[in-house]
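Down below is the structure, laid out as structure tokens.
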Amino acid sequence: MNRRTVLYIAISMFIALLGLISVQCYWSYKVFRLNQEYFYSSVNEAMNEVLVGIEKAELSGQLTKHRKRQQIIQGIDSLNLRMTLLKQKYPEVSFEETKFWEDAYGNFILSTSQDTMSTAGLSSDLASFMQDSNANHTLNFRESRKIKKVYRLLAEQRDDLLRSSQLMEDLLLEAMKTAPQPEINQRISPYVLDSAIARELRKKEINTQMEWGIYSTEKSKLIIQKTGQYGVQLLLSPFYYQLYPGDKSNKPYYLSIYFPHQKAFLFSQTWYLALAAFFLFALQIFVFAYTLISILKQKKLAELKSDFINHITHEIKTPVSTISLICESFEDPDIHYDEQGIKNILRIIRHESDRLQSLSKQIIEISKLESGEYFLNKTSFDLHKAIEEAVNNTGFQVMHKNGCISTDFQASNPMINGDRIHIVHIISSIIDNANKYCAYSPKIFISTHNSEEGIQIDISDNGIGIAKNNLSKIFDKLYRVPTGNTHNIKGFGLGLSYVKSIMDQHHGHVWVESELKKGSVFHLVFPQNIR
């Protein structure tokens with residue numbers, strides 16, 4: 001897979017990820033907007049109920065007065081009926097009619113005499129005459145006078161009710177024409193208003209903090225507030241409603257509602273959708289990142305393996321060609337070898353054979369590195385003696401380059417539990433790298449000391465060093481520090497990855513400090529309490 005293909009895949013995945021996230025954001029926004037519109041609609045419906053309730057409460061007083069007037073009218077009708085019945089029953093009696101007269105002071109008076117009779121007496125007299133409704137006899141003067149008196153008293157009571165009804169109507173009309181509009185705090189009780197708003201909002205399942213205020217267009221300010229803490233917010237709130245829209249006043253009052261935690265309340269209604277959307281966002285980003293990183297790692301690993309195959313093919317080709325040429329020389333009848341020549345040829349064959357064995361061993365190491373597991377035979381041993389063994393194994397190569405290895409063992413208790421063979425091997429590998437990556441005479445210094453984590457080994461050299469941008473990669477499998485077009489140093493990028501793997505399996509850790517042209521220092525820490 002070339003670089004362009006990887007780029008196209010990454011761009012395609014990014015576009016797909018961006019599209020999915022955009023769609024999820026769009027639908028999440030739509031759900032939030034729908035929930036917000038439902039909230040606005042519910043608030044408006046609740047406030048309409050509140051306004052209707054306020055108007056009904058004010059009209060109830062007027063309705064009581066109207067009912068009283070209706071009762072007066074019903075009383076007048078009842079008295080007229082009784083008077084009519086008397087006229088029908090006693091046509092021979094001459095009844096006097098009473099009328100209203102208004103004096104110079106505007107007071108109502110009656111034209112008849114001021115004789116009075118108690119209501120109880122009137123009722124009893126009327127009842128006695130009504131019981132004799134079937135009597136067929138001529139009325140005498142006394143009886144006729146008594147009937148006239150009952151009729152006159154009924155007329156007086158009717159006229160009193162008529163006067164009261166007229167006065168009540170005139171007063172109501174006059175009050176409506178000339179009386180000033182009462183103040184809003186006299187028309188509305190803040191406690192009743194607050195209870196009504198809270199009750200209607202609860203019916204709509206709007207259970208969040210609410211603030212209200214009444215705005216006067218005449219005074220251009222809020223004249224009544226619930227708490228007085230949200231004046232500006234109430235003036236800017238989209239929830240405002242005219243109070244008493246039936247009033248003819250050109251300076252109305254407005255009821256404003258504000259919800260301090262409106263967004264939090266709306267979010268609480270859809271928190272599960274927001275959580276699901278966030279989880280999907282995170283999952284998509286993780287899958288995208290993981291897939292892209294995996295592709296890049298696989299591409300890098302493929303390149304490293306390709307380089308490894310090229311290197312090992314070149315390394316195998318040389319000893320195979322050498323051995324092949326020697327075999328051909330033995331088959332040539334014109335070439336004759338003496339005893340010393342045969343010994344030289346055998347030495348060359350043995351050397352090339354050793355190279356092939358080393359290559360095969362490194363190939364086996366690759367398979368172990370791929371699985372990440374080594375078969376360790378852990379025993380308790382002296383780490384200082386293991387270091388000395390590694391120095392002896394690599395000392396000849398260092399001396400061949402006119403170098404030296406010095407040690408300083410400061411650890412008080414060098415006993416650790418681990419695989420001695422592998423630990424000797426990784427120390428030898430680090431010393432071998434220090435020797436190979438030194439341009440002149442290598443000077444390698446190995447020291448030990450006790451630390452909080454166990455025993456620490458420091459291996460320093462005076463080699464070419466490692467650039468900072470390569471330090472984090474040198475322990476990767478098959479990684480080799482780039483050296484441009486020159487490949488004077490043989491290797492396959494296995495040594496330090498092998499060191500890292502062995503240290504991990506011993507529950508230790510390794511790191512390096514280095515600077516170009518100033519050498520490197522490898523630090524290895526082995527725990528002493530791990531079995």
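Scheme for the structure tokens: letters A, B, ... for chains in order shown; per-chain residue numbers from 1; ligand numbers from 1 in order shown.
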
Leaving out stretch 230-236 of chain A and any residue of its chain fewer than 4 positions from it, which residues lie within 7 Å of it when counting only C-alpha atoms, given as a PyMOL selection string? chain A and resi 213+256-258

With a distance cut-off of 8 Å and only C-alpha atoms, select the neighbouring residues of stretch 394-402 of chain A, excluding the residue or stretch itself and same-chain residues fewer than 5 positions from it, and output the selection as a list in words.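 The residues satisfying every condition are Ser428, Ile431, Asp432, Asn435, Tyr440, Ser441 and Pro442 of chain A.
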
Length of the atom CA of A:Val510 to atom CA of A:Leu524 vector [Å]: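 So the two atoms, atom CA of A:Val510 and atom CA of A:Leu524, lie 4.6 Å apart.
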
One decimal, Å: what's the distance from atom CA of A:Ser12 over to atom CA of A:Ser28, could you say?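 Going from atom CA of A:Ser12 over to atom CA of A:Ser28, I get 24.3 Å.
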
Can you tell me how far atom CA of A:Ala277 sits from atom CA of A:Ile21, in Å to one decimal?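 A separation of 8.9 Å between them.
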